[in-house]
Structures are given as C-alpha cells and as structure tokens.
Amino acid sequence: MSPRTRRSYDQYCSAARALDLVGDRWTLLIVRELLAGPRRYTDLHADLPGVSTDVLASRLKDMEQGGLTTRRRLPPPGAAFVYELTARGNRLLPVLQALGAWGEAELGERRPTDAVRAHWFALPLLRAIDGEGLVEVRLEEGVFHLHAGAGEGPVYGDGAAPREPDARLVMDAHTCAALSRGETSLADAIRGGRVEVTGDGALAGQLREGPAA
C-alpha cells in the first residue's frame with residue numbers, strides 16, 4: 001500500500017511546514033498524552049474523549065510518517081503495541097506549553113459537557129514549578145506525578161510517583177482550575193493555604209519558601 005498523501009499548505013515558511021505536521025485536529029492533544037511516555041492505543045482513545053477510532057488511527061499513522069512518534073511491541077507478558085514520541089516529538093513540549101499559556105484566558109469555568117482527566121493539569125503545573133525534581137500531585141479527580149525540569153523523556157505520568165517524590169502537592173479542583181486559568185500563582189496558592197506541600201526534598205522546601213524576593 002502506498003503511503004498516505006498528506007495535504008500541505010505549500011508555503012515556504014517554517015510555521016506552515018510545522019502546521020503541515022501538527023495542524024490537524026487532535027494531533028497536538030495526542031502529543032499531550034504521549035508526553036506521559038509510551039501509551040497503548042486503547043489508553044489513548046480512553047483519554048481523548050470525542051475522537052473516533054478512525055481519526056485516532058489516522059493521526060497516529062500520520063505522526064509516525066512525520067517522524068513524531070514510533071510504534072513498538074512490548075515484550076511478553078504485555079505483548080501489546082505502544083506509541084511513543086521520538087526526540088523530535090518531545091521537542092513539541094514548549095510549543096504545547098506556550099499554547100496552553102496563551103489559552104488560559106479562554107478556559108473559563110468548566111462547562112457541564114467538559115471532560116476532565118487529572119493528568120490534563122500536569123502541563124499547567126509544570127509551567128508553575130520553578131525547580132527540578134519528582135512531584136506527586138493529588139487532586140479530587142485523581143493522582144499523577146510530574147518530572148519538573150526533565151529533559152528528554154516523559155514529563156508526567158498517571159498515578160502515584162514511582163519512588164519517593166521530592167515534593168507532594170495536594171489541592172482541590174477549584175484551586176487547580178484557578179492555577180490553570182492563570183488567576184493565581186502556585187506560590188500565592190501555597191502561601192494562602194490552598195495548596196499543601198509535603199516532602200523532605202529540596203524542591204519541597206523551595207516551594208514552601210516561595211520565590212526569592
């Protein structure tokens with residue numbers, strides 16, 4: 001079967017070329033999910049409510065052809081295929097972070113029809129943490145962990161931290177939504193008692209002390 005022909009803007013412009021690769025609906029949200037590391041197709045579909053199976057399969061194929069993702073089979077007993085970002089795909093993190101910061105003003109209050117997953121708050125919290133280390137975050141919607149200041153590789157993951165974290169953050173949904181909308185800073189939320197910080201790591205101490213004056 002011949003490779004699927006992608007549409008192009010046919011413009012000699014780096015922004016246009018980038019949009020040729022990531023401008024389709026759902027593509028950047030698939031990148032958001034894969035920033036957590038390798039994911040199975042079924043897991044991606046579950047965490048992208050609203051995407052059809054055909055569209056998801058098509059986007060993943062396009063992303064693989066574009067050098068953004070790879071697909072590999074897990075060894076037994078898993079033996080399932082997983083998708084993961086390439087080094088080039090991982091370099092879309094600052095693009096998503098800039099887009100998320102720009103979109104804070106559009107977030108508003110959560111609508112009754114809005115889906116939510118706990119780990120969707122990972123990128124806003126990563127923008128808010130000025131430091132490095134493993135952070136476990138506990139919300140009403142669930143638990144996830146962050147690799148603050150990480151280089152290549154996963155920047156967050158579902159569930160509790162895989163080892164003793166450098167800091168733990170506990171907050172309610174209202175506070176996390178306010179952080180995501182840019183209505184408060186993490187430092188102000190901690191000072192106001194809206195975010196509880198525990199842990200003995202240097203990052204926990206840094207978060208409790210707040211930014212230097």
# chains A, B, ... in the order shown; residues from 1 in each chain; ligands from 1
$ residues_around --residues "region 21-25 of chain A" --least-positions-apart "5" --cutoff "12 Å" --atoms "only C-alpha atoms" --output "PyMOL selection string"
chain A and resi 6-9+14-16+30-32+48+50-52+55-56+58-69+88-89+92+95-96
$ select_by_dssp --residues "region 81-163 of chain A" --states "strand (DSSP E)" --output "list in words"
Phe81, Val82, Tyr83, Glu84, Leu85, Gly133, Leu134, Val135, Glu136, Val137, Arg138, Val143, Phe144, His145, Leu146, His147, Ala148, Tyr156, Gly157 and Asp158 of chain A
$ write_last_selection --atoms "C-alpha atoms" --output "compact mmCIF listing (two decimals), in the first residue's frame"
# COMPACT_ATOMS: atom_id res chain seq x y z
CA PHE A 81 1.82 -2.27 20.75
CA VAL A 82 2.58 1.11 22.29
CA TYR A 83 3.09 4.53 20.74
CA GLU A 84 5.73 6.93 21.98
CA LEU A 85 7.22 10.25 20.97
CA GLY A 133 12.52 17.06 40.84
CA LEU A 134 9.79 14.44 41.05
CA VAL A 135 6.45 15.84 42.22
CA GLU A 136 3.36 13.86 43.20
CA VAL A 137 0.08 15.75 42.77
CA ARG A 138 -3.15 14.73 44.48
CA VAL A 143 -3.33 11.39 41.29
CA PHE A 144 -0.47 11.99 38.86
CA HIS A 145 3.22 12.82 39.05
CA LEU A 146 5.49 15.33 37.31
CA HIS A 147 9.13 15.31 36.35
CA ALA A 148 9.83 19.01 36.82
CA TYR A 156 4.44 13.35 33.71
CA GLY A 157 2.57 10.12 34.42
CA ASP A 158 -0.68 8.82 35.84
$ select_by_dssp --residues "region 108-177 of chain A" --states "helix (DSSP H, G or I)" --output "PyMOL selection string"
chain A and resi 118-128+173-177
$ write_last_selection --atoms "N, CA and C atoms" --output "CSV table (one decimal), in the first residue's frame"
chain,number,residue,atom,x,y,z
A,118,ALA,N,-7.3,14.0,35.4
A,118,ALA,CA,-6.4,14.6,36.4
A,118,ALA,C,-5.1,15.0,35.7
A,119,HIS,N,-4.6,14.2,34.8
A,119,HIS,CA,-3.2,14.5,34.3
A,119,HIS,C,-3.3,15.6,33.3
A,120,TRP,N,-4.5,16.1,32.9
A,120,TRP,CA,-4.5,17.3,32.0
A,120,TRP,C,-4.0,18.5,32.7
A,121,PHE,N,-4.0,18.5,34.0
A,121,PHE,CA,-3.4,19.6,34.8
A,121,PHE,C,-1.9,19.6,34.9
A,122,ALA,N,-1.3,18.5,34.4
A,122,ALA,CA,0.1,18.4,34.5
A,122,ALA,C,0.9,19.5,33.9
A,123,LEU,N,0.6,19.8,32.6
A,123,LEU,CA,1.3,20.9,31.9
A,123,LEU,C,1.2,22.2,32.6
A,124,PRO,N,0.0,22.7,33.0
A,124,PRO,CA,-0.1,24.0,33.7
A,124,PRO,C,0.8,24.0,35.0
A,125,LEU,N,0.8,22.8,35.7
A,125,LEU,CA,1.6,22.8,37.0
A,125,LEU,C,3.1,22.8,36.7
A,126,LEU,N,3.4,22.1,35.6
A,126,LEU,CA,4.9,22.2,35.2
A,126,LEU,C,5.3,23.6,34.9
A,127,ARG,N,4.4,24.4,34.3
A,127,ARG,CA,4.7,25.8,34.0
A,127,ARG,C,4.9,26.6,35.3
A,128,ALA,N,4.2,26.2,36.3
A,128,ALA,CA,4.2,26.9,37.6
A,128,ALA,C,5.3,26.6,38.5
A,173,ALA,N,-10.1,20.9,43.4
A,173,ALA,CA,-10.3,21.1,42.0
A,173,ALA,C,-10.4,22.6,41.7
A,174,HIS,N,-11.0,23.4,42.6
A,174,HIS,CA,-11.2,24.8,42.4
A,174,HIS,C,-9.8,25.5,42.3
A,175,THR,N,-8.9,25.1,43.2
A,175,THR,CA,-7.6,25.7,43.2
A,175,THR,C,-6.8,25.4,41.9
A,176,CYS,N,-6.9,24.1,41.5
A,176,CYS,CA,-6.1,23.6,40.4
A,176,CYS,C,-6.7,24.3,39.1
A,177,ALA,N,-8.0,24.5,39.0
A,177,ALA,CA,-8.6,25.2,37.9
A,177,ALA,C,-8.1,26.6,37.9
$ closest_residue --among "A:Val170, A:Ile190, A:Ala80, A:Leu139" --to "Gly210 (chain A)" --atoms "only C-alpha atoms"
A:Ile190
$ residues_around --residues "Leu35 (chain A)" --least-positions-apart "2" --cutoff "6 Å" --atoms "only C-alpha atoms" --output "PDB file with N, CA and C atoms, in the first residue's frame"
ATOM      1  N   ARG A  32       0.179  15.677  23.720  1.00  0.00           N
ATOM      2  CA  ARG A  32      -0.013  15.898  25.166  1.00  0.00           C
ATOM      3  C   ARG A  32      -0.075  14.580  25.917  1.00  0.00           C
ATOM      4  N   GLU A  33      -0.822  13.614  25.386  1.00  0.00           N
ATOM      5  CA  GLU A  33      -0.938  12.320  26.049  1.00  0.00           C
ATOM      6  C   GLU A  33       0.378  11.552  26.024  1.00  0.00           C
ATOM      7  N   GLY A  37       4.790   9.365  28.217  1.00  0.00           N
ATOM      8  CA  GLY A  37       5.537   8.158  27.910  1.00  0.00           C
ATOM      9  C   GLY A  37       4.735   7.238  27.005  1.00  0.00           C
ATOM     10  N   PRO A 154       9.555  11.149  29.341  1.00  0.00           N
ATOM     11  CA  PRO A 154       8.246  11.539  29.904  1.00  0.00           C
ATOM     12  C   PRO A 154       8.373  12.701  30.881  1.00  0.00           C
ATOM     13  N   VAL A 155       7.401  13.603  30.834  1.00  0.00           N
ATOM     14  CA  VAL A 155       7.406  14.732  31.761  1.00  0.00           C
ATOM     15  C   VAL A 155       6.337  14.581  32.840  1.00  0.00           C
TER      16      VAL A 155
END
$ closest_residue --among "A:Arg91, A:Arg17, A:Arg191, A:Arg181" --to "Glu209 (chain A)" --atoms "only C-alpha atoms"
A:Arg191
$ residues_around --residues "Gly199 (chain A)" --least-positions-apart "2" --cutoff "10 Å" --atoms "only C-alpha atoms" --output "list of chain:residue names"
A:Val135, A:Glu136, A:Glu164, A:Pro165, A:Asp166, A:Ala167, A:Arg168, A:Leu169, A:Val197, A:Gly201, A:Ala202, A:Leu203, A:Ala204, A:Gly205
$ closest_residue --among "A:Leu34, A:Cys13, A:Ile129, A:Leu99" --to "Thr70 (chain A)" --atoms "only C-alpha atoms"
A:Leu34
$ closest_residue --among "A:Thr113, A:Ser180, A:Gln11, A:Thr198" --to "Gln97 (chain A)" --atoms "only C-alpha atoms"
A:Ser180
$ residues_around --residues "Asp188 (chain A)" --least-positions-apart "5" --cutoff "10 Å" --atoms "only C-alpha atoms" --output "PyMOL selection string"
chain A and resi 179+193-195+210
$ write_last_selection --atoms "C-alpha atoms" --output "PDB file, in the first residue's frame"
ATOM      1  CA  LEU A 179      -3.950  27.853  38.508  1.00  0.00           C
ATOM      2  CA  GLY A 193      -3.031  27.529  52.347  1.00  0.00           C
ATOM      3  CA  ARG A 194      -4.874  26.403  49.233  1.00  0.00           C
ATOM      4  CA  VAL A 195      -2.074  24.017  48.256  1.00  0.00           C
ATOM      5  CA  GLY A 210       8.375  30.629  47.654  1.00  0.00           C
TER       6      GLY A 210
END
$ residues_around --residues "Pro49 (chain A)" --least-positions-apart "4" --cutoff "10 Å" --atoms "only C-alpha atoms" --output "number ranges by chain"
A: 44-45, 114-117
$ write_last_selection --atoms "N, CA and C atoms" --output "PDB file, in the first residue's frame"
ATOM      1  N   LEU A  44      -4.893   5.682  24.823  1.00  0.00           N
ATOM      2  CA  LEU A  44      -5.010   6.971  24.145  1.00  0.00           C
ATOM      3  C   LEU A  44      -6.472   7.274  23.834  1.00  0.00           C
ATOM      4  N   HIS A  45      -7.181   6.288  23.330  1.00  0.00           N
ATOM      5  CA  HIS A  45      -8.589   6.507  22.982  1.00  0.00           C
ATOM      6  C   HIS A  45      -9.408   6.852  24.218  1.00  0.00           C
ATOM      7  N   ASP A 114     -17.826  19.464  29.578  1.00  0.00           N
ATOM      8  CA  ASP A 114     -16.378  19.339  29.517  1.00  0.00           C
ATOM      9  C   ASP A 114     -15.892  18.062  30.199  1.00  0.00           C
ATOM     10  N   ALA A 115     -15.162  17.234  29.456  1.00  0.00           N
ATOM     11  CA  ALA A 115     -14.481  16.097  30.066  1.00  0.00           C
ATOM     12  C   ALA A 115     -13.266  16.609  30.828  1.00  0.00           C
ATOM     13  N   VAL A 116     -12.771  15.816  31.763  1.00  0.00           N
ATOM     14  CA  VAL A 116     -11.566  16.192  32.500  1.00  0.00           C
ATOM     15  C   VAL A 116     -10.839  14.924  32.917  1.00  0.00           C
ATOM     16  N   ARG A 117      -9.532  14.976  32.876  1.00  0.00           N
ATOM     17  CA  ARG A 117      -8.659  13.937  33.402  1.00  0.00           C
ATOM     18  C   ARG A 117      -7.660  14.627  34.314  1.00  0.00           C
TER      19      ARG A 117
END
